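A.B. asks: So here's query_39.pdb (PDB, C-alpha atoms).
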MODEL        1
ATOM      1  CA  MET A   1     142.264  56.523  62.435
ATOM      2  CA  ASN A   2     145.709  55.299  61.436
ATOM      3  CA  MET A   3     147.576  52.941  63.721
ATOM      4  CA  ILE A   4     150.731  54.329  65.277
ATOM      5  CA  ASP A   5     153.750  52.514  63.874
ATOM      6  CA  ASN A   6     156.491  54.784  65.184
ATOM      7  CA  PRO A   7     158.033  53.593  68.481
ATOM      8  CA  ASP A   8     158.619  57.122  69.793
ATOM      9  CA  GLN A   9     155.023  58.116  69.111
ATOM     10  CA  ALA A  10     153.814  54.940  70.820
ATOM     11  CA  LYS A  11     155.922  55.714  73.891
ATOM     12  CA  ARG A  12     154.557  59.272  73.996
ATOM     13  CA  LEU A  13     151.008  57.958  73.805
ATOM     14  CA  ALA A  14     151.635  55.487  76.632
ATOM     15  CA  ARG A  15     153.137  58.201  78.830
ATOM     16  CA  ALA A  16     150.199  60.509  78.075
ATOM     17  CA  ILE A  17     147.687  57.808  78.960
ATOM     18  CA  LEU A  18     149.453  57.052  82.244
ATOM     19  CA  SER A  19     149.847  60.737  83.066
ATOM     20  CA  ASP A  20     146.087  61.095  82.737
ATOM     21  CA  VAL A  21     145.493  58.045  84.927
ATOM     22  CA  ALA A  22     147.794  59.500  87.584
ATOM     23  CA  MET A  23     146.345  63.004  87.349
ATOM     24  CA  TYR A  24     142.701  61.962  87.567
ATOM     25  CA  ASN A  25     143.299  59.378  90.293
ATOM     26  CA  LYS A  26     145.772  61.076  92.635
ATOM     27  CA  GLU A  27     144.092  59.777  95.766
ATOM     28  CA  LYS A  28     143.937  56.208  94.460
ATOM     29  CA  VAL A  29     147.601  56.360  93.466
ATOM     30  CA  GLU A  30     148.582  57.543  96.936
ATOM     31  CA  VAL A  31     146.502  54.882  98.689
ATOM     32  CA  GLY A  32     147.736  52.184  96.307
ATOM     33  CA  ILE A  33     151.388  53.071  96.855
ATOM     34  CA  LYS A  34     150.999  53.362 100.631
ATOM     35  CA  ASN A  35     149.235  49.991 100.848
ATOM     36  CA  ASP A  36     151.324  48.272  98.144
ATOM     37  CA  ASN A  37     148.236  47.407  96.095
ATOM     38  CA  ILE A  38     148.306  50.053  93.373
ATOM     39  CA  PHE A  39     147.571  47.544  90.607
ATOM     40  CA  ASP A  40     144.455  46.365  92.441
ATOM     41  CA  VAL A  41     143.304  49.892  93.235
ATOM     42  CA  LEU A  42     143.760  51.100  89.645
ATOM     43  CA  LYS A  43     142.805  47.850  87.914
ATOM     44  CA  ASP A  44     139.945  49.333  85.866
ATOM     45  CA  GLU A  45     141.778  52.531  84.956
ATOM     46  CA  LEU A  46     144.928  50.697  83.918
ATOM     47  CA  GLU A  47     142.956  48.238  81.803
ATOM     48  CA  GLU A  48     141.058  51.064  80.118
ATOM     49  CA  GLY A  49     144.383  52.726  79.306
ATOM     50  CA  ARG A  50     145.810  49.443  78.005
ATOM     51  CA  GLN A  51     142.818  48.938  75.711
ATOM     52  CA  HIS A  52     143.186  52.473  74.383
ATOM     53  CA  MET A  53     146.865  51.801  73.716
ATOM     54  CA  LEU A  54     146.104  48.540  71.917
ATOM     55  CA  SER A  55     143.497  50.253  69.766
ATOM     56  CA  ARG A  56     145.935  52.934  68.614
ATOM     57  CA  VAL A  57     149.334  51.231  68.305
ATOM     58  CA  SER A  58     150.391  48.639  65.743
ATOM     59  CA  SER A  59     150.874  45.191  67.237
ATOM     60  CA  ASP A  60     154.258  45.082  65.479
ATOM     61  CA  LEU A  61     155.551  47.480  68.155
ATOM     62  CA  ASN A  62     154.393  45.273  71.051
ATOM     63  CA  PRO A  63     152.189  47.944  72.645
ATOM     64  CA  ASP A  64     151.752  45.938  75.877
ATOM     65  CA  THR A  65     155.472  46.177  76.609
ATOM     66  CA  ILE A  66     155.535  49.898  75.843
ATOM     67  CA  TYR A  67     152.493  50.439  78.067
ATOM     68  CA  ASN A  68     153.929  48.399  80.955
ATOM     69  CA  THR A  69     157.172  50.370  80.798
ATOM     70  CA  ALA A  70     155.186  53.605  80.967
ATOM     71  CA  VAL A  71     153.280  52.298  84.000
ATOM     72  CA  VAL A  72     156.571  51.990  85.850
ATOM     73  CA  ASP A  73     158.126  55.203  84.525
ATOM     74  CA  VAL A  74     155.104  57.454  84.886
ATOM     75  CA  LEU A  75     152.937  55.976  87.602
ATOM     76  CA  ILE A  76     155.328  54.203  89.961
ATOM     77  CA  LYS A  77     158.541  56.237  89.758
ATOM     78  CA  ARG A  78     156.702  59.544  90.081
ATOM     79  CA  ALA A  79     155.022  58.242  93.226
ATOM     80  CA  GLY A  80     158.413  57.689  94.839
ATOM     81  CA  LYS A  81     157.856  60.582  97.224
ATOM     82  CA  ILE A  82     154.861  58.855  98.783
ATOM     83  CA  GLU A  83     155.865  57.085 101.955
ATOM     84  CA  SER A  84     155.486  53.330 101.636
ATOM     85  CA  SER A  85     157.004  50.092 102.835
ATOM     86  CA  ILE A  86     157.734  49.151  99.227
ATOM     87  CA  TRP A  87     160.575  51.662  98.924
TER      88      TRP A  87
ENDMDL
END
Go ahead and express the file in the form of structure tokens.

C.D. replies:
Amino acid sequence: MNMIDNPDQAKRLARAILSDVAMYNKEKVEVGIKNDNIFDVLKDELEEGRQHMLSRVSSDLNPDTIYNTAVVDVLIKRAGKIESSIW
């Protein structure tokens, strides 16, 4: 499998990975946002997604940064409707 070396494709992959994490873990996302411990609650899922990202995206694009941005954009911002003390 070829490594992704296009920044837009890398961003799409990161968003897709995080969308899947959010979709398959709705309850965990809600609990994590409500209790302000989402990174602890989704530790394994987020790390699995990060490893997938690193295995597919060229290190020249800094895939960790792209992935972390997608975590905020896809996972955190979309959970903004969940009531929490962090908002």

A.B. asks: Evaluate the PyMOL selection byres ((chain A and resi 60) around 12) and record the selected residues as a PyMOL selection string, following the chain and residue labels used in the document.

C.D. replies: chain A and resi 3-7+10+54+56-59+61-66

A.B. asks: Grab the residues selected above and save them as a PDB file, in the coordinates of the input with C-alpha atoms.

C.D. replies:
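Ended up saving to part.pdb:
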ATOM      1  CA  MET A   3     147.576  52.941  63.721  1.00  0.00           C
ATOM      2  CA  ILE A   4     150.731  54.329  65.277  1.00  0.00           C
ATOM      3  CA  ASP A   5     153.750  52.514  63.874  1.00  0.00           C
ATOM      4  CA  ASN A   6     156.491  54.784  65.184  1.00  0.00           C
ATOM      5  CA  PRO A   7     158.033  53.593  68.481  1.00  0.00           C
ATOM      6  CA  ALA A  10     153.814  54.940  70.820  1.00  0.00           C
ATOM      7  CA  LEU A  54     146.104  48.540  71.917  1.00  0.00           C
ATOM      8  CA  ARG A  56     145.935  52.934  68.614  1.00  0.00           C
ATOM      9  CA  VAL A  57     149.334  51.231  68.305  1.00  0.00           C
ATOM     10  CA  SER A  58     150.391  48.639  65.743  1.00  0.00           C
ATOM     11  CA  SER A  59     150.874  45.191  67.237  1.00  0.00           C
ATOM     12  CA  LEU A  61     155.551  47.480  68.155  1.00  0.00           C
ATOM     13  CA  ASN A  62     154.393  45.273  71.051  1.00  0.00           C
ATOM     14  CA  PRO A  63     152.189  47.944  72.645  1.00  0.00           C
ATOM     15  CA  ASP A  64     151.752  45.938  75.877  1.00  0.00           C
ATOM     16  CA  THR A  65     155.472  46.177  76.609  1.00  0.00           C
ATOM     17  CA  ILE A  66     155.535  49.898  75.843  1.00  0.00           C
TER      18      ILE A  66
END

A.B. asks: Interatomic distance between CA of Val72 (chain A) and CA of Ala14 (chain A)?

C.D. replies: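 Distance between the two atoms: 11.0 Å.
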
A.B. asks: Need to verify the contact set: Ala16 (chain A), 10 Å, only C-alpha atoms, exclusion of same-chain residues closer than 5 positions in sequence. Can you return it as a list in words?

C.D. replies: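 Using only C-alpha atoms, the neighbours found are Ala10, Lys11, Val21, Ala22, Gly49, Ala70 and Val74 of chain A.
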
A.B. asks: Of the candidates A:Arg50, A:Asn2, A:Asp40, A:Gly32, which one gets nearest to Thr69 (chain A) if we count only C-alpha atoms?

C.D. replies: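 Residue with the minimum atom-to-atom distance to Thr69 (chain A): A:Arg50.
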
A.B. asks: Could you work out how far CA of Ile76 (chain A) lies from CA of Lys28 (chain A), giving the answer in Å with one decimal?

C.D. replies: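 That distance, rounded to one decimal, is 12.4 Å.
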
A.B. asks: Between A:Tyr67, A:Glu83, A:Glu47, A:Ser55, which is the closest to Asn35 (chain A) once you count all atoms listed in the file?

C.D. replies: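 Among the listed residues, A:Glu83 lies closest to Asn35 (chain A).
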
A.B. asks: Can you tell me how far CA of Val31 (chain A) sits from CA of Arg12 (chain A), in Å to one decimal?

C.D. replies: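 A separation of 26.3 Å between them.
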
A.B. asks: Counting all atoms listed in the file, which of A:Met1, A:His52, A:Leu13, A:Leu46 gets nearest to Val71 (chain A)?

C.D. replies: A:Leu46

A.B. asks: Give the answer as one residue: which of A:Met53, A:Glu48, A:Asp73, A:Ala79 has the shortest atom-to-atom distance to Glu27 (chain A), using all atoms listed in the file?

C.D. replies: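 For Glu27 (chain A), the nearest of the given residues is A:Ala79.
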
A.B. asks: Just checking: using all atoms listed in the file, which residue out of A:Asn37, A:Leu42, A:Arg78, A:Asp8 ends up closest to Tyr24 (chain A)?

C.D. replies: A:Leu42

A.B. asks: Rebuild N, CA and C atoms on region 22-34 of chain A, as a JSON list (two decimals), keeping the file's coordinate frame?

C.D. replies:
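Below is the file that was written, part39.json:
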[["chain", "number", "residue", "atom", "x", "y", "z"],
["A", 22, "ALA", "N", 147.23, 58.98, 86.34],
["A", 22, "ALA", "CA", 147.79, 59.50, 87.58],
["A", 22, "ALA", "C", 147.13, 60.81, 88.00],
["A", 23, "MET", "N", 146.91, 61.69, 87.04],
["A", 23, "MET", "CA", 146.34, 63.00, 87.35],
["A", 23, "MET", "C", 144.89, 62.90, 87.84],
["A", 24, "TYR", "N", 144.11, 62.07, 87.21],
["A", 24, "TYR", "CA", 142.70, 61.96, 87.57],
["A", 24, "TYR", "C", 142.43, 61.02, 88.73],
["A", 25, "ASN", "N", 143.45, 60.35, 89.20],
["A", 25, "ASN", "CA", 143.30, 59.38, 90.29],
["A", 25, "ASN", "C", 144.37, 59.56, 91.36],
["A", 26, "LYS", "N", 144.69, 60.80, 91.68],
["A", 26, "LYS", "CA", 145.77, 61.08, 92.64],
["A", 26, "LYS", "C", 145.57, 60.36, 93.96],
["A", 27, "GLU", "N", 144.36, 60.40, 94.47],
["A", 27, "GLU", "CA", 144.09, 59.78, 95.77],
["A", 27, "GLU", "C", 144.27, 58.26, 95.69],
["A", 28, "LYS", "N", 143.78, 57.65, 94.63],
["A", 28, "LYS", "CA", 143.94, 56.21, 94.46],
["A", 28, "LYS", "C", 145.41, 55.83, 94.33],
["A", 29, "VAL", "N", 146.17, 56.64, 93.61],
["A", 29, "VAL", "CA", 147.60, 56.36, 93.47],
["A", 29, "VAL", "C", 148.27, 56.39, 94.83],
["A", 30, "GLU", "N", 147.97, 57.41, 95.61],
["A", 30, "GLU", "CA", 148.58, 57.54, 96.94],
["A", 30, "GLU", "C", 148.22, 56.36, 97.83],
["A", 31, "VAL", "N", 146.95, 56.01, 97.87],
["A", 31, "VAL", "CA", 146.50, 54.88, 98.69],
["A", 31, "VAL", "C", 147.14, 53.58, 98.19],
["A", 32, "GLY", "N", 147.17, 53.40, 96.87],
["A", 32, "GLY", "CA", 147.74, 52.18, 96.31],
["A", 32, "GLY", "C", 149.22, 52.02, 96.59],
["A", 33, "ILE", "N", 149.96, 53.13, 96.54],
["A", 33, "ILE", "CA", 151.39, 53.07, 96.86],
["A", 33, "ILE", "C", 151.58, 52.80, 98.34],
["A", 34, "LYS", "N", 150.86, 53.54, 99.18],
["A", 34, "LYS", "CA", 151.00, 53.36, 100.63],
["A", 34, "LYS", "C", 150.69, 51.93, 101.05]]
